[in-house]
>>> print(open('final_17.cif').read())   # mmCIF, C-alpha atoms and all ligand atoms
data_input
loop_
_atom_site.label_atom_id
_atom_site.label_comp_id
_atom_site.auth_asym_id
_atom_site.auth_seq_id
_atom_site.Cartn_x
_atom_site.Cartn_y
_atom_site.Cartn_z
CA MET A 1 0.00 0.00 0.00
CA THR A 2 1.29 3.49 -0.86
CA ALA A 3 1.64 5.68 2.23
CA VAL A 4 -0.61 8.73 2.06
CA SER A 5 0.81 11.59 4.11
CA ASP A 6 -1.46 13.27 6.64
CA VAL A 7 -4.21 10.67 6.35
CA SER A 8 -4.24 9.28 9.86
CA LEU A 9 -7.64 7.71 9.51
CA ASP A 10 -8.53 5.17 6.88
CA PRO A 11 -11.91 6.58 5.94
CA ILE A 12 -14.47 4.58 4.01
CA VAL A 13 -14.70 6.11 0.56
CA TYR A 14 -16.97 5.62 -2.43
CA LEU A 15 -15.28 4.66 -5.69
CA ASN A 16 -17.26 3.71 -8.79
CA GLY A 17 -20.19 2.07 -7.04
CA GLU A 18 -18.38 0.59 -4.05
CA LEU A 19 -17.70 1.61 -0.46
CA VAL A 20 -14.12 0.65 0.42
CA PRO A 21 -11.40 1.79 2.86
CA LEU A 22 -9.29 4.57 1.32
CA SER A 23 -6.22 2.33 1.54
CA GLU A 24 -7.94 -0.14 -0.79
CA ALA A 25 -9.35 2.39 -3.27
CA HIS A 26 -7.40 2.33 -6.54
CA VAL A 27 -7.78 3.88 -9.97
CA PRO A 28 -5.92 2.69 -13.08
CA VAL A 29 -2.96 4.85 -14.11
CA LEU A 30 -4.69 5.54 -17.43
CA ASP A 31 -7.45 7.37 -15.60
CA ARG A 32 -7.59 10.75 -17.34
CA GLY A 33 -7.63 12.45 -13.96
CA PHE A 34 -4.13 11.06 -13.36
CA ILE A 35 -2.84 11.49 -16.92
CA PHE A 36 -4.34 14.90 -17.83
CA GLY A 37 -6.01 16.36 -14.72
CA ASP A 38 -9.17 15.83 -16.80
CA GLY A 39 -11.81 16.10 -14.11
CA ILE A 40 -13.56 18.31 -11.61
CA TYR A 41 -14.22 18.28 -7.89
CA GLU A 42 -16.38 19.77 -5.16
CA VAL A 43 -15.81 20.36 -1.45
CA ALA A 44 -18.77 20.86 0.90
CA PRO A 45 -18.85 21.21 4.69
CA LEU A 46 -21.08 18.86 6.70
CA TYR A 47 -22.06 20.30 10.07
CA PRO A 48 -23.51 18.07 12.81
CA HIS A 49 -26.74 18.86 14.66
CA ALA A 50 -29.05 17.03 17.09
CA SER A 51 -30.63 14.76 14.48
CA GLY A 52 -27.90 14.29 11.88
CA ARG A 53 -25.74 16.47 9.66
CA THR A 54 -26.42 19.41 7.40
CA ALA A 55 -24.53 19.58 4.15
CA PHE A 56 -24.26 23.36 4.35
CA ARG A 57 -25.46 25.24 1.23
CA PHE A 58 -25.49 21.86 -0.50
CA ARG A 59 -27.93 22.92 -3.21
CA HIS A 60 -25.36 25.52 -4.28
CA HIS A 61 -22.48 23.03 -4.17
CA LEU A 62 -24.46 20.61 -6.35
CA ALA A 63 -25.30 23.39 -8.81
CA ARG A 64 -21.60 24.31 -9.08
CA LEU A 65 -20.70 20.64 -9.53
CA ALA A 66 -23.23 20.39 -12.36
CA ARG A 67 -21.86 23.58 -13.97
CA SER A 68 -18.25 22.33 -13.78
CA LEU A 69 -19.25 18.98 -15.35
CA ASP A 70 -21.22 20.72 -18.06
CA LYS A 71 -18.30 23.00 -18.93
CA ILE A 72 -16.01 20.04 -19.57
CA GLY A 73 -18.61 17.82 -21.24
CA ILE A 74 -19.00 15.08 -18.63
CA VAL A 75 -22.54 13.83 -18.02
CA ASN A 76 -23.51 14.25 -14.36
CA PRO A 77 -23.57 10.69 -12.96
CA PHE A 78 -26.29 11.52 -10.37
CA ASP A 79 -29.17 13.91 -9.90
CA ASP A 80 -29.30 16.06 -6.74
CA ALA A 81 -31.24 13.43 -4.77
CA GLY A 82 -28.71 10.80 -5.87
CA TRP A 83 -25.78 12.91 -4.68
CA ARG A 84 -27.47 13.59 -1.32
CA GLU A 85 -28.17 9.89 -0.84
CA LEU A 86 -24.60 8.97 -1.75
CA ILE A 87 -23.05 11.48 0.67
CA GLU A 88 -25.39 10.21 3.41
CA ARG A 89 -24.24 6.64 2.70
CA VAL A 90 -20.58 7.62 2.93
CA VAL A 91 -21.18 9.56 6.16
CA ALA A 92 -23.09 6.64 7.69
CA ALA A 93 -20.32 4.18 6.73
CA ASN A 94 -17.67 6.41 8.32
CA GLU A 95 -19.70 6.87 11.50
CA ALA A 96 -20.27 3.13 11.74
CA ASP A 97 -16.80 1.83 10.83
CA ALA A 98 -14.16 4.56 10.48
CA GLY A 99 -14.30 6.55 13.69
CA LEU A 100 -16.11 9.64 12.41
CA ARG A 101 -17.96 10.99 15.45
CA ALA A 102 -21.55 12.13 14.98
CA ASP A 103 -20.70 15.46 16.67
CA GLN A 104 -17.68 16.19 14.44
CA ASP A 105 -17.61 18.76 11.64
CA ALA A 106 -16.77 16.97 8.40
CA ILE A 107 -15.96 17.75 4.81
CA ALA A 108 -17.25 15.95 1.72
CA TYR A 109 -14.81 15.75 -1.18
CA VAL A 110 -16.32 14.68 -4.51
CA GLN A 111 -14.25 14.08 -7.64
CA ILE A 112 -15.35 13.06 -11.11
CA THR A 113 -12.89 12.41 -13.90
CA ARG A 114 -13.64 11.60 -17.53
CA GLY A 115 -12.63 7.98 -16.92
CA VAL A 116 -10.05 5.49 -18.13
CA ALA A 117 -8.91 5.27 -21.77
CA LYS A 118 -5.86 4.79 -24.01
CA ARG A 119 -3.82 7.99 -23.71
CA GLY A 120 -4.89 10.64 -26.24
CA HIS A 121 -5.83 14.25 -25.57
CA ALA A 122 -9.29 14.56 -27.14
CA PHE A 123 -12.32 13.03 -25.37
CA PRO A 124 -12.52 9.28 -26.00
CA ALA A 125 -15.96 7.92 -26.89
CA GLY A 126 -17.96 5.57 -24.71
CA ILE A 127 -16.07 5.69 -21.42
CA GLN A 128 -17.55 5.81 -17.91
CA PRO A 129 -16.58 8.65 -15.60
CA THR A 130 -14.64 7.78 -12.44
CA VAL A 131 -16.62 8.88 -9.37
CA PHE A 132 -14.93 9.28 -5.98
CA VAL A 133 -16.40 10.55 -2.68
CA MET A 134 -14.48 10.94 0.58
CA VAL A 135 -15.77 12.27 3.91
CA THR A 136 -13.18 13.28 6.52
CA PRO A 137 -13.20 15.32 9.73
CA LEU A 138 -12.98 19.08 9.26
CA ASN A 139 -10.89 21.22 11.58
CA LEU A 140 -12.19 24.75 11.27
CA PRO A 141 -9.87 27.66 12.07
CA ASP A 142 -9.55 28.19 15.81
CA ALA A 143 -10.55 31.19 17.90
CA ALA A 144 -6.94 32.45 17.99
CA GLN A 145 -6.82 32.65 14.18
CA ARG A 146 -10.06 34.63 14.20
CA ALA A 147 -8.89 36.89 17.02
CA GLN A 148 -5.47 37.62 15.50
CA GLY A 149 -6.21 37.27 11.83
CA VAL A 150 -3.90 35.61 9.32
CA ARG A 151 -0.84 36.68 7.31
CA CYS A 152 -0.98 36.59 3.52
CA VAL A 153 1.50 37.17 0.71
CA THR A 154 0.78 38.30 -2.85
CA ALA A 155 1.80 37.07 -6.30
CA GLU A 156 0.97 37.44 -9.98
CA ASP A 157 -1.91 35.15 -11.04
CA ARG A 158 -0.35 32.94 -13.70
CA ARG A 159 -3.12 30.34 -13.91
CA TRP A 160 -5.21 29.54 -16.97
CA LEU A 161 -8.33 31.54 -17.78
CA ASN A 162 -11.00 28.99 -16.89
CA CYS A 163 -10.76 29.49 -13.13
CA ASP A 164 -14.58 29.30 -12.91
CA ILE A 165 -14.29 25.52 -13.48
CA LYS A 166 -13.51 23.67 -10.25
CA SER A 167 -10.93 21.61 -12.11
CA VAL A 168 -8.63 19.01 -10.54
CA SER A 169 -5.85 20.53 -12.72
CA LEU A 170 -4.61 22.57 -9.76
CA LEU A 171 -0.88 23.01 -10.43
CA GLY A 172 -1.14 26.81 -10.54
CA ASN A 173 -3.01 26.80 -7.22
CA VAL A 174 -0.59 24.28 -5.72
CA LEU A 175 2.39 26.52 -6.56
CA MET A 176 0.64 29.50 -4.94
CA ALA A 177 -0.18 27.49 -1.79
CA GLN A 178 3.47 26.39 -1.63
CA TYR A 179 4.61 30.02 -2.00
CA ALA A 180 2.42 30.91 1.01
CA ALA A 181 3.82 27.98 3.01
CA GLU A 182 7.42 28.95 2.20
CA ASN A 183 6.66 32.47 3.42
CA ASP A 184 5.05 31.30 6.64
CA SER A 185 1.72 32.64 5.40
CA PHE A 186 -1.82 31.40 5.37
CA GLU A 187 -2.63 32.16 1.75
CA THR A 188 -1.29 33.78 -1.44
CA ILE A 189 -3.50 36.56 -2.78
CA GLN A 190 -3.21 36.84 -6.56
CA PHE A 191 -3.41 39.76 -9.00
CA ARG A 192 -3.88 39.51 -12.75
CA ASP A 193 -2.87 42.60 -14.72
CA GLY A 194 -2.80 44.58 -11.49
CA MET A 195 -6.31 43.55 -10.41
CA LEU A 196 -7.27 41.28 -7.52
CA THR A 197 -8.43 37.81 -8.50
CA GLU A 198 -8.47 35.34 -5.57
CA GLY A 199 -6.41 33.19 -3.21
CA SER A 200 -4.88 29.81 -4.09
CA SER A 201 -7.97 28.13 -2.58
CA SER A 202 -10.18 30.96 -1.38
CA ASN A 203 -12.04 34.10 -2.37
CA ILE A 204 -10.74 37.47 -1.20
CA TRP A 205 -12.77 40.45 0.01
CA MET A 206 -11.83 44.08 0.68
CA VAL A 207 -13.44 46.55 3.10
CA LYS A 208 -13.03 50.29 2.58
CA ASN A 209 -15.01 52.91 4.48
CA GLY A 210 -17.52 50.31 5.67
CA VAL A 211 -18.26 48.98 2.14
CA LEU A 212 -17.44 45.36 1.23
CA TYR A 213 -15.97 44.79 -2.23
CA ALA A 214 -15.12 41.61 -4.16
CA PRO A 215 -13.97 41.01 -7.74
CA PRO A 216 -17.01 40.32 -9.96
CA ARG A 217 -17.98 36.77 -10.88
CA SER A 218 -16.05 35.85 -14.04
CA HIS A 219 -13.83 33.20 -15.63
CA LYS A 220 -10.91 34.71 -13.66
CA ILE A 221 -12.09 33.39 -10.29
CA LEU A 222 -13.85 30.37 -8.87
CA GLU A 223 -17.19 31.56 -7.58
CA GLY A 224 -17.01 30.25 -4.02
CA ILE A 225 -20.20 29.01 -2.44
CA ARG A 226 -19.32 31.53 0.24
CA TYR A 227 -19.29 34.25 -2.41
CA GLY A 228 -23.08 34.08 -2.75
CA LEU A 229 -23.55 33.41 0.96
CA ILE A 230 -21.50 36.43 2.09
CA GLU A 231 -23.28 38.57 -0.49
CA GLU A 232 -26.60 37.50 1.12
CA LEU A 233 -25.25 38.09 4.63
CA THR A 234 -24.25 41.68 3.83
CA SER A 235 -27.90 42.65 3.36
CA GLU A 236 -28.83 40.90 6.62
CA CYS A 237 -26.06 42.87 8.38
CA GLY A 238 -26.81 46.19 6.68
CA ILE A 239 -23.37 46.25 5.03
CA ARG A 240 -23.12 47.73 1.52
CA PHE A 241 -21.64 45.28 -1.00
CA GLU A 242 -20.23 46.01 -4.41
CA ALA A 243 -18.77 43.52 -6.90
CA ARG A 244 -16.17 45.37 -8.98
CA GLU A 245 -12.55 45.18 -10.11
CA ILE A 246 -10.13 45.95 -7.25
CA ALA A 247 -6.71 47.41 -8.08
CA GLU A 248 -3.66 46.11 -6.21
CA ALA A 249 -3.01 49.57 -4.69
CA GLU A 250 -6.59 49.67 -3.34
CA LEU A 251 -6.21 46.30 -1.66
CA ARG A 252 -2.97 47.43 -0.05
CA ALA A 253 -4.80 50.47 1.37
CA ALA A 254 -7.83 48.43 2.59
CA ASP A 255 -9.34 48.90 6.05
CA GLU A 256 -9.98 45.13 6.21
CA ILE A 257 -9.26 42.12 4.00
CA LEU A 258 -11.22 38.87 4.38
CA VAL A 259 -10.62 35.39 3.04
CA SER A 260 -13.40 32.81 2.58
CA SER A 261 -13.67 29.12 1.71
CA ALA A 262 -15.56 25.98 2.73
CA THR A 263 -12.83 24.87 5.13
CA LYS A 264 -11.98 28.34 6.51
CA GLU A 265 -15.49 29.89 6.55
CA VAL A 266 -14.50 33.57 6.79
CA LEU A 267 -11.26 34.86 8.31
CA PRO A 268 -9.63 38.28 8.70
CA VAL A 269 -6.31 38.99 6.95
CA THR A 270 -4.35 41.28 9.26
CA GLN A 271 -0.97 41.28 7.48
CA LEU A 272 -0.27 41.56 3.77
CA ASP A 273 3.32 41.09 2.55
CA GLY A 274 4.56 41.85 6.07
CA ARG A 275 2.58 45.11 6.45
CA PRO A 276 -0.49 45.54 8.68
CA VAL A 277 -3.90 45.64 6.99
CA GLY A 278 -5.75 48.72 8.30
CA ASN A 279 -4.99 48.92 12.02
CA GLY A 280 -3.60 45.38 11.97
CA LYS A 281 -6.58 43.91 13.83
CA PRO A 282 -9.70 42.07 12.67
CA GLY A 283 -12.36 44.67 11.86
CA ALA A 284 -16.06 45.28 12.44
CA VAL A 285 -17.15 43.98 9.04
CA PHE A 286 -15.36 40.69 9.67
CA ALA A 287 -16.98 40.41 13.12
CA ALA A 288 -20.48 41.07 11.72
CA LEU A 289 -20.07 38.62 8.82
CA TYR A 290 -18.55 35.88 10.97
CA ALA A 291 -21.47 36.13 13.42
CA ALA A 292 -23.96 36.11 10.53
CA TYR A 293 -22.19 33.07 9.04
CA GLN A 294 -22.66 31.17 12.32
CA ARG A 295 -26.33 32.19 12.38
CA ALA A 296 -26.75 30.91 8.81
CA LYS A 297 -25.29 27.54 9.89
CA ALA A 298 -27.64 27.37 12.88
CA LYS A 299 -30.63 28.28 10.70
CA GLU A 300 -29.88 25.56 8.13
CA ALA A 301 -29.36 23.03 10.93
CA GLN A 302 -32.73 23.98 12.42
CA GLN A 303 -34.44 23.66 9.04
CA ALA A 304 -32.82 20.25 8.50
CA GLN A 305 -33.94 19.09 11.95
CA GLN A 306 -37.50 20.26 11.30
CA ALA A 307 -37.53 18.50 7.93
CA GLN A 308 -36.22 15.34 9.61
CA GLN A 309 -38.87 15.53 12.34
CA GLY A 310 -41.52 16.05 9.62
CA VAL A 311 -40.36 12.89 7.80
CA GLU A 312 -40.33 10.92 11.08
CA SER A 313 -43.82 12.00 12.15
CA GLU A 314 -45.14 11.34 8.63
CA SER A 315 -43.78 7.79 8.70
CA ARG A 316 -45.19 7.27 12.25
CA GLU A 317 -48.58 8.40 10.95
CA ARG A 318 -48.30 5.98 8.05
CA VAL A 319 -47.49 3.13 10.44
CA ILE A 320 -50.44 4.05 12.67
CA ALA A 321 -52.85 4.49 9.75
C1 LIG B 1 -9.49 28.83 -6.24
C2 LIG B 1 -10.58 28.88 -5.23
N1 LIG B 1 -11.32 30.01 -5.14
C3 LIG B 1 -12.33 30.12 -4.24
C4 LIG B 1 -12.62 29.08 -3.36
C5 LIG B 1 -13.74 29.23 -2.37
O1 LIG B 1 -14.84 28.43 -2.71
P1 LIG B 1 -15.83 27.86 -1.59
O2 LIG B 1 -16.37 29.05 -0.85
O3 LIG B 1 -16.88 27.16 -2.35
O4 LIG B 1 -15.02 26.95 -0.73
C6 LIG B 1 -11.89 27.89 -3.44
C7 LIG B 1 -12.19 26.77 -2.54
O5 LIG B 1 -11.49 25.80 -2.44
C8 LIG B 1 -10.86 27.79 -4.40
O6 LIG B 1 -10.13 26.65 -4.51
#
>>> encode(input="final_17.cif", output="structure tokens")
Amino acid sequence: MTAVSDVSLDPIVYLNGELVPLSEAHVPVLDRGFIFGDGIYEVAPLYPHASGRTAFRFRHHLARLARSLDKIGIVNPFDDAGWRELIERVVAANEADAGLRADQDAIAYVQITRGVAKRGHAFPAGIQPTVFVMVTPLNLPDAAQRAQGVRCVTAEDRRWLNCDIKSVSLLGNVLMAQYAAENDSFETIQFRDGMLTEGSSSNIWMVKNGVLYAPPRSHKILEGIRYGLIEELTSECGIRFEAREIAEAELRAADEILVSSATKEVLPVTQLDGRPVGNGKPGAVFAALYAAYQRAKAKEAQQAQQAQQGVESESRERVIA
């Protein structure tokens, strides 16, 4: 068995119709995901509550998954109900046999590649996509990171121009994450032609004079599921939001910078290239949006619990009737 660094557990994963331990899950080397990076992925948080788990903003994750598949011409192997059922199966298997605690935050990783074929660039006819699902514990940022904020560095965005596809071809992003790591930083914030794009695995937000700004949705960024969520939360919090191009100089003069992603939720950036952002402390807009984010999680959990109770009482009524 090949050692997989940082995988202490051996989660139960789904691969092409089967539930197997990760250590026994194998794909042929001619899988186009391995040979060409010809595939897409999705990452969705699963938050526990009293009667199960909520796949947070799952409808939006599934819509993005469908868009990514569509853009690269792979037929979606499941409908939304099928994906929900599959994730539930993988969660249940991990709770039963792989040590995932029912009260633990978790993350669902879904990957679909075009499948296995003789090597050749253009799409081969008649092959089945490879479908992989993994659910592992999620360690959200801790209170200290939220209280102090995180350090980021900047770099030129040298990736391709289809960043709206959540592609497994992530070399550009990998190099940017490595650059952050080598500079003892949390994330690399990228600029293309002098304008803010995004982080290596996150969206970036700027606050100036109480207004929240983000680069507009386009092929130059991945539209995070938190992009739409934070946009919604601004109206709840009475914060003005504007999607527009942000020049590098503007970002460097920001009052606050925020970073968002499924695994980080929303975090304040308090140092950029070694200089303090604003007064060097997390700001009021971050505090308001973080609190609203937690309320959104609680609200979805409550709705899921109510839906669950509705299903249970309906089935009790059916049994009684
Ligand atoms: C390049 C990139 N941009 C943005 C995001 C944020 O997306 P989400 O909020 O859906 O996690 C990610 C997440 O991994 C990403 O990889």
>>> closest_atom_pairs(input="final_17.cif", of="range 234-295 of chain A", to="range 136-146 of chain A", cutoff="7 Å", atoms="only C-alpha atoms", output="tab-separated table")
residue	atom	partner	partner_atom	distance
A:Thr263	CA	A:Leu140	CA	6.2
A:Lys264	CA	A:Leu140	CA	6.0
A:Leu267	CA	A:Arg146	CA	6.0
A:Pro268	CA	A:Arg146	CA	6.6
>>> axis_aligned_box(input="final_17.cif", around="ligand LIG 1 (chain B)", padding_each_side="5 Å", output="JSON")
{"center_x": -13.2, "center_y": 28.0, "center_z": -3.5, "size_x": 17.4, "size_y": 14.3, "size_z": 15.5}
>>> closest_residue(input="final_17.cif", among="A:Ala304, A:Ile230, A:Ile257, A:Ile35", to="ligand LIG 1 (chain B)", atoms="only C-alpha atoms and all ligand atoms")
A:Ile230
>>> atom_distance(input="final_17.cif", atom1="CA of Pro216 in chain A", atom2="CA of Ala147 in chain A")
28.4 Å
>>> residues_near_ligand(input="final_17.cif", ligand="ligand LIG 1 (chain B)", cutoff="9 Å", atoms="only C-alpha atoms and all ligand atoms", output="ChimeraX atom specification")
/A:42-45,60-61,64,163-164,166,170,173,197-204,221-229,259-265
>>> residues_around(input="final_17.cif", residues="Asp157 in chain A", least_positions_apart="2", cutoff="8 Å", atoms="only C-alpha atoms", output="ChimeraX atom specification")
/A:155,159,190-192,197
>>> residues_near_point(input="final_17.cif", point="(-15.7, 46.8, 10.2)", cutoff="10 Å", atoms="all atoms listed in the file", output="MDAnalysis selection string")
chainID A and resid 207:212 239 255:256 282:289
